[in-house]
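Structure, as C-alpha cells:
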Amino acid sequence: MSRGVTSVITLLTDYGLEDGYVAACHGVIAGIAPESRIIDVGHLIPAGDIRRGAAILAQTLPYLPVGVHLAVVDPALGGTRRGVVIESHGRIFIGPDNGVLSWAVQAAGGTEGAYEITNQDLFLSDVSPTFHGRDVFAPVAAHLATGRRPSDVGPPLPADRLISLPAPTCRVRDGAVEGEVLSVDRHGNVQLSITAKEIEGLGARVGEMLTVWLGRRQVMIPYRETFSAVPPDDLVAFADSAGLVALAINTGDASERLGLPPGAHVRLCPGR
Amino acid sequence: MSRGVTSVITLLTDYGLEDGYVAACHGVIAGIAPESRIIDVGHLIPAGDIRRGAAILAQTLPYLPVGVHLAVVDPALGGTRRGVVIESHGRIFIGPDNGVLSWAVQAAGGTEGAYEITNQDLFLSDVSPTFHGRDVFAPVAAHLATGRRPSDVGPPLPADRLISLPAPTCRVRDGAVEGEVLSVDRHGNVQLSITAKEIEGLGARVGEMLTVWLGRRQVMIPYRETFSAVPPDDLVAFADSAGLVALAINTGDASERLGLPPGAHVRLCPGR
Amino acid sequence: MSRGVTSVITLLTDYGLEDGYVAACHGVIAGIAPESRIIDVGHLIPAGDIRRGAAILAQTLPYLPVGVHLAVVDPALGGTRRGVVIESHGRIFIGPDNGVLSWAVQAAGGTEGAYEITNQDLFLSDVSPTFHGRDVFAPVAAHLATGRRPSDVGPPLPADRLISLPAPTCRVRDGAVEGEVLSVDRHGNVQLSITAKEIEGLGARVGEMLTVWLGRRQVMIPYRETFSAVPPDDLVAFADSAGLVALAINTGDASERLGLPPGAHVRLCPGR
C-alpha cells in the first residue's frame, strides 16, 4: 500500500498524558510501521466516555487524511466486547466494538466491510487483559498501515451486528427544535446536537434572536456569525466549526453561566 | 523549496488538548504537506492570552529550526482582524494580526516582508467563521511549507501597519530596575521582564543579595547561578534559560509564596 | 548508524506542557537530527519526582523501539550531579545521573558501558545553568541518534559509580507479601510494587479472594483477570499491563476510596 494512503495512523484514547500508555502505543506502532505518521486526535477523553470519544472522532475526521483510525475508549476492556476493523470509503477504522467508532464511520459514509479481530499473529506476543490498546489494537493498526488487508484480522462481521451509539436526540416539535448538549469545550462553549440547518429551516436568521428554553427558564440569545460579534460577557449563539449550534459567551464560560453540562436538554426556536 | 528549510511547521495555539482542534490542524497540514515535520510549541496557552502566546513563541524560537511558524491565539476570531504572513531572515510567521507574532518576529530580526492573507485558493473550500486555525491558517502554512511564496497569500502590508504588542515594562530609575512578572511556569517559577544584563549593569553579582520590592513589601533574595544553589524551601533569584531574572523557591512555588501573578510590578536593586 | 536503529529518540521530562520547554528540546533535536523520530514518553511527571519518572520509563521501555532514550527529571539541575550516557543491549540512555535512568537500564538488561557527559562540542554554544535538557541533553541525544558514539560524549564511568534508585520494597514474610504503592494513574488505579508472580507463588488464584492490609485495616478483594470482571463500583485486584498487582474500582477511583497514595505500604496474602 502506497505511502500517503494508509501510512497515516490516527490515535484517540482515554489514556491521559500522565502515564506512559500513549507512548507505549506509539512505540509499538513505530516498531512495526516505522514509516507511518501518527496523528494524535486526543488522549484526554474522560475515562470510559464512549460518547465523547465518538463525537470528537466524528467531528475531526473530515480534516484527517485517509488512513487507519484507531480509537480506544473501552470501559469493558478485557470483558466480552470484541475488537473490530471497519472499512469505509478508503478509511480503515479499528477499536472496540462498543460504538466509539460508529459516528465516525457514519461520517465517512457508512460501513463497507467489517471484521472481528481474532488473528493473534498480528498481536504482540503477550497480551495483557487490561491493555488491548497496546497489545492488540496498536499492532493490528500498524500492520494495516503497512499493507495488511482488513480481512486478514479475522472473520467478517455483518454490518448490522456492529454496536452503534444512538444518534443524539434532535427533533422538531411545535415549531421548535429539541436537542441536547453534545459537548462542552475548554472555553466553556456549549455544542448542541442541533444543526444550524435545522434552526435555519425553521426561519432563524443570522442577526436576529433565538429563544432558548433551558428546563423552565427561557433566554433570548442573539444568533450571530461568530461569538466575537457580541460584546465581551454577552451570550451568543452561532453555527460552530462542525455546523452545529453552539452557545457561547464572548471571553466567558457559557456552560457554567447557563448551567448546561453535556447531556442537558435544550429547546430552541427562532425569534421571540 | 528544499526539505529541512521550510518543511518544519511549528504550531502554537490556545486550543487545549481536550478536543480535536489541534488534530484537525495537524490533519489539514499532513494532507497538504505530507513530508513536513510538525513541532507543537504548545496548545495550553490560556484562552485568548495573546501576551502569553507571544512570550512563549519568542522565547522558544531561537531553538526551533527555520520553518513556518504558525501561532493562533485569536480572541477576536471572525472579527475584524486580518490574517498575516511575515518574513524574517528565512523564517515565515503566520497568524492573526493581533500582536501574537510580534515578539517572535522581533526576536528573529524584524519584519522583512508582510502580506495580508486573502488568497482563498489556499484555504479549505469551506471556511468556518469560528475556526480559522483549521480552515485558513493551517492550509496556508502547509502550502508555504511546500514552497508557495509568502507573496502568494495576498497583497503586501507595510511593516508599520502590523499590530505589535507593547514591550513589557522595564526601566532603570533611582538605581533600581522596575519591571513586571512576564510569566509563571508550572513549577511556580516567576519570570520577570528584567534581563540579567540590566541588574548586572547596576552592579548585581552572582553570590550576593538582591533587594526586591513587591508593592510595599521588601524582601532580600540571594542571587545565584541556579535555584538548586539554595537549600530546599529557600527563595532565590537567578538568570533563567531565556536570560531573564527569575524568582524561585528550590522545590517550591515562588509565585504563590510571593503573591506574584503575571503582570504584577516588581522593583529590584543589587545588595541591601 | 542506520535508520530504524538509533534514529528513534524517546523523551521523558517533568517540564509540563504549558510552556515551550518541550518544544525547545524537539526543536534542538530536529535541527541536529532532522531524520529522527521523536516519541514523547511523557512530560507530566510531577516536578522533580525521579521515582515516578524512573517507573514510567522502565514500564514503557519494552514497547519502545531500540533508540536513544532521554529522561530529564532533575531537581538538582545545575548542581553537582553529572550527566551520563549508558549503553545497554543496543539501547542508549541519557540523562542526569540521579537514578531516573536506573530502573529502565535494569529492564533493558543492565549497564554495558557508561560515560560522563563532558564534551562541550556536542552542547549548544550557550549552556544555561537551568536548562540542561535543552542545552546539553537534547543536543547530545541528537548527535548520538545521528551516529556519534557514546564514548564521544566524555570519559568512561565504572557502572558501580552510577546512582541507582533503591528497588521498591517487596518481600515475603509470614506467608504474605509486603510492598508499596508504586504509582497511581489518572483513573485512580493503584499499582503495587508486588508482582502477580509473587502472590501466585503464595497460592493466589484468579477467581479467588485476596486479603489486603492497609495499615490496620483489612479488606477482602477479589482477584480477577481484569477490572471489568466485577460490577461497577466494586473493588478488584488484577495483574496489570506491567505484570504488577493493581487495585482498582470498576469505573471508580481506588486510590481515593482506599486512601492509598504513592509510597503507602500494603500487605497481601491469598484467600481469607
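Here, A, B, ... name the chains of the C-alpha cells in the order displayed, residue numbers run from 1 inside each chain, and ligands are numbered from 1 in the same displayed order.
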Checklist entry - What residues in chain B lie within 9 Å of chain A, counting only C-alpha atoms, written as a ChimeraX atom specification? => result /B:15-28,30-31,34,47-48,75-79,127-131,134
List the spatial neighbours of range 254-267 of chain C as a PDB file with C-alpha atoms, in the first residue's frame - criterion: any atom at most 7 Å away, only C-alpha atoms, same-chain residues fewer than 5 positions off excluded.
ATOM      1  CA  ALA C 176       2.214 -12.612  52.923  1.00  0.00           C
ATOM      2  CA  VAL C 177       3.871 -10.187  50.500  1.00  0.00           C
ATOM      3  CA  GLU C 178       4.716  -6.693  51.713  1.00  0.00           C
ATOM      4  CA  GLY C 179       5.138  -3.907  49.218  1.00  0.00           C
ATOM      5  CA  GLU C 180       4.154  -0.352  48.492  1.00  0.00           C
ATOM      6  CA  VAL C 181       2.123   1.774  46.134  1.00  0.00           C
ATOM      7  CA  LEU C 182       4.377   2.338  43.145  1.00  0.00           C
ATOM      8  CA  SER C 183       2.095   4.694  41.233  1.00  0.00           C
ATOM      9  CA  VAL C 184      -1.479   5.866  40.813  1.00  0.00           C
ATOM     10  CA  GLY C 188      -7.194   6.145  40.288  1.00  0.00           C
ATOM     11  CA  ASN C 189      -5.857   2.630  39.685  1.00  0.00           C
ATOM     12  CA  VAL C 190      -3.279   1.750  42.328  1.00  0.00           C
ATOM     13  CA  VAL C 212      -5.218  -6.836  51.774  1.00  0.00           C
ATOM     14  CA  TRP C 213      -3.884  -4.978  54.826  1.00  0.00           C
ATOM     15  CA  LEU C 214      -3.817  -1.203  54.581  1.00  0.00           C
ATOM     16  CA  LEU C 247      -6.062  -2.428  42.945  1.00  0.00           C
ATOM     17  CA  ALA C 248      -8.914  -0.765  41.108  1.00  0.00           C
ATOM     18  CA  ILE C 249     -12.579   0.060  41.183  1.00  0.00           C
TER      19      ILE C 249
END
Checklist entry - How would you write, as an MDAnalysis selection string, the set of residues in range 123-268 of chain A that DSSP gives as strand (DSSP E)? => result chainID A and resid 171:173 176:184 190:195 209:214 217:222 235:239 244:249 265:268
Checklist entry - Would you give me, as a ChimeraX atom specification, the residues in range 13-93 of chain C that DSSP reads as helix (DSSP H, G or I)? => result /C:21-32,50-63
Checklist entry - Residues at most 12 Å from range 158-161 of chain A, counting only C-alpha atoms, excluding those fewer than 2 positions away in the same chain, as a PyMOL selection string? => result chain A and resi 82+84-88+97-99+102+105-106+110-116+155-156+163-164
Item to check | Between CA of Ala141 in chain C and CA of His69 in chain B, distance in Å (one decimal) | outcome: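 Going from CA of Ala141 in chain C over to CA of His69 in chain B, I get 24.5 Å.
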Item to check | Gap from CA of Ile94 in chain A to CA of Thr146 in chain A - Å, one decimal | outcome: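 Rounded to one decimal, the two atoms are 14.6 Å apart.
One finds CA of Ala167 in chain C at 28.5 Å from CA of Val153 in chain C.
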